[in-house]
Amino acid sequence: MLEARGFKPNFLITMTNDKLNRIQRRRSWAEPYKIKVVEPLKLTTRAEREQAIAQAGYNTFLLRSEDVYIDLLTDSGTSAMSDYQWAGMMLGDEAYAGSKNFYFLEATIQKYYGYQYIVPTHQGRGAENILSQILIKPGDYIPGNMYFTTTRLHQELAGGTFVDVIIDEAHDATSLHPFKGNVDLQKLTDLIEQVGAERIPYISVAGTVNMAGGQPISMANLRAVYQLAQTHGIRVILDATRAVENAYFIQRQEEGYNQEAIATILREFCSYTDGCTMSGKKDALVNIGGWLALNDDDIYEEARNRVVIYEGLHTYGGMAGRDMEAMGRGIEESVQDDHIRARVGQVEYLGQKLLDWHIPVVVPIGGHAIYLDAKRFLPHISQDEFAAQRLAAELYLEAGIRTMERGIVSAGRNKETGDNYYPELELVRLTIPRRVYTQAHMDLTAEAVEEVYYNRDRLGGLKMVYEPKYLRFFQARFELL
Ligand code: F0G
C-alpha cells in the first residue's frame, strides 16, 4: 500500500533484491487494516443452545443472531465496512432522483467492471429477476456452471430450464482441479446442438461457483465460452457476486497472470461477458445493494424501465444514497491486491487447519468459505435424513457457531416432477465474513469442528416437518430422528 502511494520505506531501499523478493513472496496473509470499533458477542450455555436450535426447527436460518457466537452463516451483507466507507455514509444524497451517489457508483462500476450500462437493485436477486424476465421465454434453456438457488429460481419462474454444464470435477469434493468452476465446453456444445441456439437466451456463468465450494473459473475457460457463444449468437451473463475473489485465483494460479493487478484481471474477466448480475453484499463490502450491468442498449432500456416496477427509480434501485456511496467505495477497496490476498488467506488458514486434522472438506479451498463434506463426515446419515442439516445444527450446539446447509435441502425439488434433487455434494458451509473475525475465531472454529468430528458416531439424522414451496432451505423445519 505504501509503495502504491509513492513511498519506499528506507529499509526496502537498502535491501538487496534477493531479500526484497523473499519479503514480497512471504506467505502470511496478515490483515492490511486494524480494528477501530468492536461489537460484543454473547456467550451462551449448551442448555441455552439446545433450546434455541430446537425452537429454530434445527434450521440455522431460524436462529436469532444474538444467540450466535461466531456467525459463519454467510458472507452476504456481513462484511465490516472501513472508515472510508462509513465516512461516505454521511455523504448520502437522498434525493429521489439523480442522487450524486448513483453517478459515483455508476462510474466506479464502469471503471472496474467495464460494463457500459448500470441498473441499481436492492441486491443480487433483484437483478436476477429483471434479467430473467427480459431475456427468458417459456421453453428456453439456460446453461450454467452449476446452479445457484435464487438464480435458478428466477430462471424457472420466467419459464426457463437450468442445465448444469460445469465440468464433472466440480461435483467431486475430492478433486484437486485448480479451476473447478470451469464450463465443460463439450456439454455446452451438446446442449446447443440438442435444443438449438435460439432456445438459449444466455449462458449463466458464475465466478466463483458458490455451490461447488467457492471454486474459480479460469480466464482461458471463460474466454473460450465467450467465443463459442459468439459463434452461435448467444449472450454470456456473468454472476459477478464474487468475481474479485475469482480474479485472485486467476492471478495466483493461471499462467500469464501473476504479474497482473487484480483490477486488471477483473476488467479482462468481465470483458468476456455481455453483462452481469451482482450481489454487492459480497465482494463489494457492503451490507446491502446490487446491480445489473449490460452492454446492449435495447436490453438496458427494458431493464431501466422494469426496475421502477420492482426495485425503485433507475438511479437508486432500492438503495439509499448512502448505500450507493458505501458500495462505490467498497468496490474501490475490494480490488486492492492486499485486501483480497488477506481475505482469501483467512479462508485458507481455516481450511488448512481442518485439512491438517484430516477433517473432510471440499478441496481445493475456495474463496469465501470452507465446505465440510457431510457425506464423508457423517457417512452413517443418508441424504434423506439430511446429513448436512444435522451437522450444521451440531456445530451450533457445540460452540454457538452458525453455518449453512448446502446439500439436499438447498437443492430443492425438480420443478416438473416434484421429486427431490439428490446433489452429489452434501455440504455444510462455514462462510467467512470479510474483515470481521480474527485468527483466534478461526482457531476456535476449527477446534469446534474437530470436536464434533471426534464425536460424529453419536449423531443421528433429521426428518423434515415443514417445507416451504420456494427456496425451502431458508424456512424449512426439522425434528431429531
Ligand atoms: N449469486 C450468488 C453466487 C450468490 O451467492 C448470491 C447470494 C446471489 C447470487 C443472490 O444475491 O443474496 O444479494 O440476492 N448468496 C448468499 C449466500 C445469500 O449466502 O451465498 P442476493
# chains A, B, ... in the order shown; residues from 1 in each chain; ligands from 1

call {"tool": "residues_near_ligand", "arguments": {"ligand": "ligand 1", "cutoff": "8 Å", "atoms": "only C-alpha atoms and all ligand atoms", "output": "PyMOL selection string"}}
result
chain A and resi 73-77+122-126+128+148-151+206-211+239-242+277-282+288-290+431

call {"tool": "residues_around", "arguments": {"residues": "Asp172 (chain A)", "least_positions_apart": "5", "cutoff": "10 Å", "atoms": "only C-alpha atoms", "output": "PyMOL selection string"}}
result
chain A and resi 167+177+180+212+362-363+424-425

call {"tool": "write_last_selection", "arguments": {"atoms": "N, CA, C and O atoms", "output": "short mmCIF file (atom, residue, chain, number, x, y, z; two decimals), in the first residue's frame"}}
result
data_model
loop_
_atom_site.label_atom_id
_atom_site.label_comp_id
_atom_site.auth_asym_id
_atom_site.auth_seq_id
_atom_site.Cartn_x
_atom_site.Cartn_y
_atom_site.Cartn_z
N ILE A 167 -17.82 -28.63 -15.36
CA ILE A 167 -17.00 -29.85 -15.52
C ILE A 167 -17.33 -30.85 -14.40
O ILE A 167 -17.70 -30.44 -13.29
N HIS A 177 -8.68 -30.33 -9.04
CA HIS A 177 -8.65 -29.46 -10.21
C HIS A 177 -8.58 -27.99 -9.76
O HIS A 177 -9.37 -27.58 -8.91
N LYS A 180 -12.22 -25.62 -10.68
CA LYS A 180 -13.41 -26.49 -10.68
C LYS A 180 -14.67 -25.75 -11.10
O LYS A 180 -15.72 -26.36 -11.22
N ALA A 212 -20.30 -25.10 -5.61
CA ALA A 212 -19.23 -26.08 -5.81
C ALA A 212 -18.15 -25.94 -4.73
O ALA A 212 -17.19 -26.70 -4.71
N VAL A 362 -14.20 -29.84 1.25
CA VAL A 362 -14.05 -29.73 -0.20
C VAL A 362 -12.68 -29.11 -0.50
O VAL A 362 -12.31 -28.10 0.11
N VAL A 363 -11.96 -29.72 -1.43
CA VAL A 363 -10.68 -29.18 -1.89
C VAL A 363 -10.77 -28.89 -3.38
O VAL A 363 -11.57 -29.52 -4.06
N GLU A 424 -24.81 -34.35 -5.76
CA GLU A 424 -23.61 -35.12 -5.38
C GLU A 424 -23.01 -34.54 -4.10
O GLU A 424 -22.50 -35.27 -3.26
N LEU A 425 -23.06 -33.21 -4.00
CA LEU A 425 -22.39 -32.54 -2.88
C LEU A 425 -23.38 -32.30 -1.75
O LEU A 425 -24.40 -31.64 -1.93
#

call {"tool": "select_by_dssp", "arguments": {"residues": "region 239-385 of chain A", "states": "strand (DSSP E)", "output": "VMD selection string"}}
result
chain A and resid 239 275 to 279 290 to 294 369 to 373

call {"tool": "residues_around", "arguments": {"residues": "Thr121 (chain A)", "least_positions_apart": "4", "cutoff": "8 Å", "atoms": "only C-alpha atoms", "output": "JSON, numbers by chain"}}
result
{"A": [126, 127, 289, 290, 291, 292, 307, 311, 312, 316, 317, 318, 319]}

call {"tool": "residues_around", "arguments": {"residues": "Asp384 (chain A)", "least_positions_apart": "2", "cutoff": "12 Å", "atoms": "only C-alpha atoms", "output": "ChimeraX atom specification"}}
result
/A:375,380-382,386-390,407-409,420-423,426,460-464,481

call {"tool": "residues_around", "arguments": {"residues": "His232 (chain A)", "least_positions_apart": "3", "cutoff": "8 Å", "atoms": "only C-alpha atoms", "output": "list of chain:residue names"}}
result
A:Ala197, A:Leu228, A:Ala229

call {"tool": "select_by_dssp", "arguments": {"residues": "region 186-428 of chain A", "states": "alpha helix (DSSP H)", "output": "number ranges by chain"}}
result
A: 186-195, 219-231, 243-253, 262-271, 297-310, 321-334, 337-356, 374-377, 387-399, 408-411

call {"tool": "closest_residue", "arguments": {"among": "A:Ala411, A:Ile262, A:Val335, A:Met324", "to": "Asn101 (chain A)", "atoms": "only C-alpha atoms"}}
result
A:Met324

call {"tool": "closest_residue", "arguments": {"among": "A:Arg223, A:Arg429, A:Arg341, A:Arg322", "to": "Met90 (chain A)", "atoms": "only C-alpha atoms"}}
result
A:Arg322

call {"tool": "closest_residue", "arguments": {"among": "A:Lys42, A:Lys100, A:Arg64, A:His358", "to": "Ala399 (chain A)", "atoms": "only C-alpha atoms"}}
result
A:Lys42

call {"tool": "residues_around", "arguments": {"residues": "Trp86 (chain A)", "least_positions_apart": "2", "cutoff": "10 Å", "atoms": "only C-alpha atoms", "output": "mmCIF file with N, CA, C and O atoms, in the first residue's frame"}}
result
data_model
loop_
_atom_site.group_PDB
_atom_site.id
_atom_site.type_symbol
_atom_site.label_atom_id
_atom_site.label_comp_id
_atom_site.auth_asym_id
_atom_site.auth_seq_id
_atom_site.Cartn_x
_atom_site.Cartn_y
_atom_site.Cartn_z
ATOM 1 N N ALA A 80 -17.437 -6.089 7.373
ATOM 2 C CA ALA A 80 -17.195 -4.862 8.138
ATOM 3 C C ALA A 80 -16.785 -3.776 7.149
ATOM 4 O O ALA A 80 -15.888 -3.982 6.329
ATOM 5 N N MET A 81 -17.442 -2.629 7.234
ATOM 6 C CA MET A 81 -17.068 -1.523 6.355
ATOM 7 C C MET A 81 -15.865 -0.783 6.932
ATOM 8 O O MET A 81 -15.622 -0.803 8.132
ATOM 9 N N SER A 82 -15.145 -0.093 6.072
ATOM 10 C CA SER A 82 -13.965 0.673 6.506
ATOM 11 C C SER A 82 -14.393 2.062 6.988
ATOM 12 O O SER A 82 -15.530 2.483 6.760
ATOM 13 N N ASP A 83 -13.459 2.778 7.596
ATOM 14 C CA ASP A 83 -13.747 4.170 7.986
ATOM 15 C C ASP A 83 -14.053 5.013 6.745
ATOM 16 O O ASP A 83 -14.896 5.913 6.782
ATOM 17 N N TYR A 84 -13.400 4.711 5.641
ATOM 18 C CA TYR A 84 -13.646 5.436 4.381
ATOM 19 C C TYR A 84 -15.092 5.214 3.913
ATOM 20 O O TYR A 84 -15.777 6.138 3.469
ATOM 21 N N GLY A 88 -18.305 7.897 3.964
ATOM 22 C CA GLY A 88 -19.160 8.078 2.785
ATOM 23 C C GLY A 88 -20.641 8.018 3.118
ATOM 24 O O GLY A 88 -21.476 8.665 2.466
ATOM 25 N N MET A 89 -20.970 7.261 4.166
ATOM 26 C CA MET A 89 -22.379 7.151 4.578
ATOM 27 C C MET A 89 -22.943 8.519 4.975
ATOM 28 O O MET A 89 -24.136 8.755 4.894
ATOM 29 N N MET A 90 -22.070 9.397 5.446
ATOM 30 C CA MET A 90 -22.537 10.735 5.828
ATOM 31 C C MET A 90 -22.741 11.632 4.610
ATOM 32 O O MET A 90 -23.228 12.753 4.727
ATOM 33 N N LEU A 91 -22.310 11.162 3.478
ATOM 34 C CA LEU A 91 -22.405 11.987 2.270
ATOM 35 C C LEU A 91 -23.543 11.517 1.373
ATOM 36 O O LEU A 91 -23.534 11.740 0.174
ATOM 37 N N ARG A 322 -26.804 6.837 0.606
ATOM 38 C CA ARG A 322 -25.621 6.461 1.407
ATOM 39 C C ARG A 322 -25.173 5.029 1.115
ATOM 40 O O ARG A 322 -23.986 4.728 1.120
ATOM 41 N N ASP A 323 -26.138 4.142 0.835
ATOM 42 C CA ASP A 323 -25.772 2.760 0.499
ATOM 43 C C ASP A 323 -24.961 2.720 -0.809
ATOM 44 O O ASP A 323 -24.024 1.933 -0.952
ATOM 45 N N GLU A 325 -23.123 5.122 -2.027
ATOM 46 C CA GLU A 325 -21.795 5.682 -1.777
ATOM 47 C C GLU A 325 -20.893 4.613 -1.135
ATOM 48 O O GLU A 325 -19.752 4.414 -1.543
ATOM 49 N N ALA A 326 -21.453 3.908 -0.143
ATOM 50 C CA ALA A 326 -20.663 2.881 0.551
ATOM 51 C C ALA A 326 -20.267 1.773 -0.425
ATOM 52 O O ALA A 326 -19.153 1.242 -0.364
ATOM 53 N N ARG A 329 -17.436 2.958 -2.789
ATOM 54 C CA ARG A 329 -16.166 2.950 -2.053
ATOM 55 C C ARG A 329 -15.711 1.526 -1.738
ATOM 56 O O ARG A 329 -14.515 1.221 -1.740
#

call {"tool": "closest_residue", "arguments": {"among": "A:Tyr226, A:Tyr141, A:Phe61, A:Tyr466", "to": "Val205 (chain A)", "atoms": "only C-alpha atoms"}}
result
A:Tyr226

call {"tool": "closest_residue", "arguments": {"among": "A:Gly181, A:Tyr147, A:Lys111, A:Tyr300", "to": "Arg406 (chain A)", "atoms": "only C-alpha atoms"}}
result
A:Tyr147

call {"tool": "closest_residue", "arguments": {"among": "A:Arg413, A:Tyr454, A:Tyr202, A:Asp274", "to": "Lys469 (chain A)", "atoms": "only C-alpha atoms"}}
result
A:Arg413

call {"tool": "decode", "arguments": {"residues": "region 303-389 of chain A", "atoms": "C-alpha atoms", "output": "PDB file, in the first residue's frame"}}
result
ATOM      1  CA  ALA A 303     -34.222  -3.163 -17.664  1.00  0.00           C
ATOM      2  CA  ARG A 304     -34.252   0.531 -16.797  1.00  0.00           C
ATOM      3  CA  ASN A 305     -37.972   0.504 -17.401  1.00  0.00           C
ATOM      4  CA  ARG A 306     -38.639  -2.633 -15.367  1.00  0.00           C
ATOM      5  CA  VAL A 307     -36.519  -1.645 -12.378  1.00  0.00           C
ATOM      6  CA  VAL A 308     -39.069   1.030 -11.480  1.00  0.00           C
ATOM      7  CA  ILE A 309     -41.720  -1.690 -11.027  1.00  0.00           C
ATOM      8  CA  TYR A 310     -39.775  -3.937  -8.676  1.00  0.00           C
ATOM      9  CA  GLU A 311     -36.920  -2.020  -7.099  1.00  0.00           C
ATOM     10  CA  GLY A 312     -37.206   1.767  -7.373  1.00  0.00           C
ATOM     11  CA  LEU A 313     -36.207   4.520  -9.744  1.00  0.00           C
ATOM     12  CA  HIS A 314     -33.298   3.737 -12.099  1.00  0.00           C
ATOM     13  CA  THR A 315     -30.996   5.999 -10.066  1.00  0.00           C
ATOM     14  CA  TYR A 316     -31.436   4.176  -6.758  1.00  0.00           C
ATOM     15  CA  GLY A 317     -32.965   0.731  -7.352  1.00  0.00           C
ATOM     16  CA  GLY A 318     -33.923   0.133  -3.729  1.00  0.00           C
ATOM     17  CA  MET A 319     -30.796   1.598  -2.164  1.00  0.00           C
ATOM     18  CA  ALA A 320     -30.450   4.766  -0.133  1.00  0.00           C
ATOM     19  CA  GLY A 321     -27.962   7.310  -1.471  1.00  0.00           C
ATOM     20  CA  ARG A 322     -25.621   6.461   1.407  1.00  0.00           C
ATOM     21  CA  ASP A 323     -25.772   2.760   0.499  1.00  0.00           C
ATOM     22  CA  MET A 324     -24.679   3.557  -3.049  1.00  0.00           C
ATOM     23  CA  GLU A 325     -21.795   5.682  -1.777  1.00  0.00           C
ATOM     24  CA  ALA A 326     -20.663   2.881   0.551  1.00  0.00           C
ATOM     25  CA  MET A 327     -20.838   0.351  -2.282  1.00  0.00           C
ATOM     26  CA  GLY A 328     -18.842   2.528  -4.695  1.00  0.00           C
ATOM     27  CA  ARG A 329     -16.166   2.950  -2.053  1.00  0.00           C
ATOM     28  CA  GLY A 330     -16.355  -0.747  -1.210  1.00  0.00           C
ATOM     29  CA  ILE A 331     -15.665  -1.639  -4.844  1.00  0.00           C
ATOM     30  CA  GLU A 332     -12.547   0.550  -4.814  1.00  0.00           C
ATOM     31  CA  GLU A 333     -11.298  -1.273  -1.729  1.00  0.00           C
ATOM     32  CA  SER A 334     -12.282  -4.727  -2.933  1.00  0.00           C
ATOM     33  CA  VAL A 335      -9.937  -4.663  -5.932  1.00  0.00           C
ATOM     34  CA  GLN A 336      -6.844  -3.834  -3.871  1.00  0.00           C
ATOM     35  CA  ASP A 337      -4.410  -6.735  -4.115  1.00  0.00           C
ATOM     36  CA  ASP A 338      -3.585  -6.539  -0.381  1.00  0.00           C
ATOM     37  CA  HIS A 339      -7.222  -6.774   0.573  1.00  0.00           C
ATOM     38  CA  ILE A 340      -8.123  -9.785  -1.496  1.00  0.00           C
ATOM     39  CA  ARG A 341      -4.983 -11.673  -0.568  1.00  0.00           C
ATOM     40  CA  ALA A 342      -5.796 -11.320   3.130  1.00  0.00           C
ATOM     41  CA  ARG A 343      -9.462 -12.131   2.559  1.00  0.00           C
ATOM     42  CA  VAL A 344      -8.823 -15.422   0.798  1.00  0.00           C
ATOM     43  CA  GLY A 345      -5.810 -16.002   3.046  1.00  0.00           C
ATOM     44  CA  GLN A 346      -8.026 -16.114   6.108  1.00  0.00           C
ATOM     45  CA  VAL A 347     -10.351 -18.638   4.464  1.00  0.00           C
ATOM     46  CA  GLU A 348      -7.360 -20.783   3.521  1.00  0.00           C
ATOM     47  CA  TYR A 349      -5.963 -20.545   7.048  1.00  0.00           C
ATOM     48  CA  LEU A 350      -9.087 -22.163   8.467  1.00  0.00           C
ATOM     49  CA  GLY A 351      -9.230 -24.700   5.647  1.00  0.00           C
ATOM     50  CA  GLN A 352      -5.615 -25.729   6.070  1.00  0.00           C
ATOM     51  CA  LYS A 353      -6.107 -26.254   9.769  1.00  0.00           C
ATOM     52  CA  LEU A 354      -9.014 -28.627   9.128  1.00  0.00           C
ATOM     53  CA  LEU A 355      -7.078 -30.434   6.411  1.00  0.00           C
ATOM     54  CA  ASP A 356      -4.137 -30.867   8.790  1.00  0.00           C
ATOM     55  CA  TRP A 357      -6.550 -32.542  11.225  1.00  0.00           C
ATOM     56  CA  HIS A 358      -7.870 -34.846   8.472  1.00  0.00           C
ATOM     57  CA  ILE A 359     -11.373 -33.411   8.511  1.00  0.00           C
ATOM     58  CA  PRO A 360     -13.190 -33.988   5.204  1.00  0.00           C
ATOM     59  CA  VAL A 361     -13.594 -30.647   3.448  1.00  0.00           C
ATOM     60  CA  VAL A 362     -14.046 -29.731  -0.203  1.00  0.00           C
ATOM     61  CA  VAL A 363     -10.677 -29.181  -1.886  1.00  0.00           C
ATOM     62  CA  PRO A 364      -9.132 -27.000  -3.167  1.00  0.00           C
ATOM     63  CA  ILE A 365     -10.180 -24.456  -0.533  1.00  0.00           C
ATOM     64  CA  GLY A 366     -12.442 -21.905  -2.230  1.00  0.00           C
ATOM     65  CA  GLY A 367     -12.602 -18.134  -1.966  1.00  0.00           C
ATOM     66  CA  HIS A 368     -15.254 -17.355   0.596  1.00  0.00           C
ATOM     67  CA  ALA A 369     -15.905 -20.445   2.680  1.00  0.00           C
ATOM     68  CA  ILE A 370     -14.857 -23.857   3.912  1.00  0.00           C
ATOM     69  CA  TYR A 371     -17.280 -26.608   2.967  1.00  0.00           C
ATOM     70  CA  LEU A 372     -17.446 -29.659   5.199  1.00  0.00           C
ATOM     71  CA  ASP A 373     -18.176 -32.801   3.204  1.00  0.00           C
ATOM     72  CA  ALA A 374     -21.096 -34.259   5.167  1.00  0.00           C
ATOM     73  CA  LYS A 375     -21.101 -37.480   3.114  1.00  0.00           C
ATOM     74  CA  ARG A 376     -17.658 -38.316   4.488  1.00  0.00           C
ATOM     75  CA  PHE A 377     -18.121 -36.574   7.834  1.00  0.00           C
ATOM     76  CA  LEU A 378     -21.347 -38.438   8.682  1.00  0.00           C
ATOM     77  CA  PRO A 379     -21.340 -41.470   6.357  1.00  0.00           C
ATOM     78  CA  HIS A 380     -23.946 -43.187   8.532  1.00  0.00           C
ATOM     79  CA  ILE A 381     -26.582 -40.478   7.864  1.00  0.00           C
ATOM     80  CA  SER A 382     -28.210 -40.578   4.419  1.00  0.00           C
ATOM     81  CA  GLN A 383     -29.215 -37.568   2.332  1.00  0.00           C
ATOM     82  CA  ASP A 384     -32.862 -38.421   3.082  1.00  0.00           C
ATOM     83  CA  GLU A 385     -32.015 -37.915   6.734  1.00  0.00           C
ATOM     84  CA  PHE A 386     -30.358 -34.572   5.973  1.00  0.00           C
ATOM     85  CA  ALA A 387     -26.748 -35.214   6.976  1.00  0.00           C
ATOM     86  CA  ALA A 388     -25.540 -31.667   6.280  1.00  0.00           C
ATOM     87  CA  GLN A 389     -28.511 -30.050   8.001  1.00  0.00           C
TER      88      GLN A 389
END
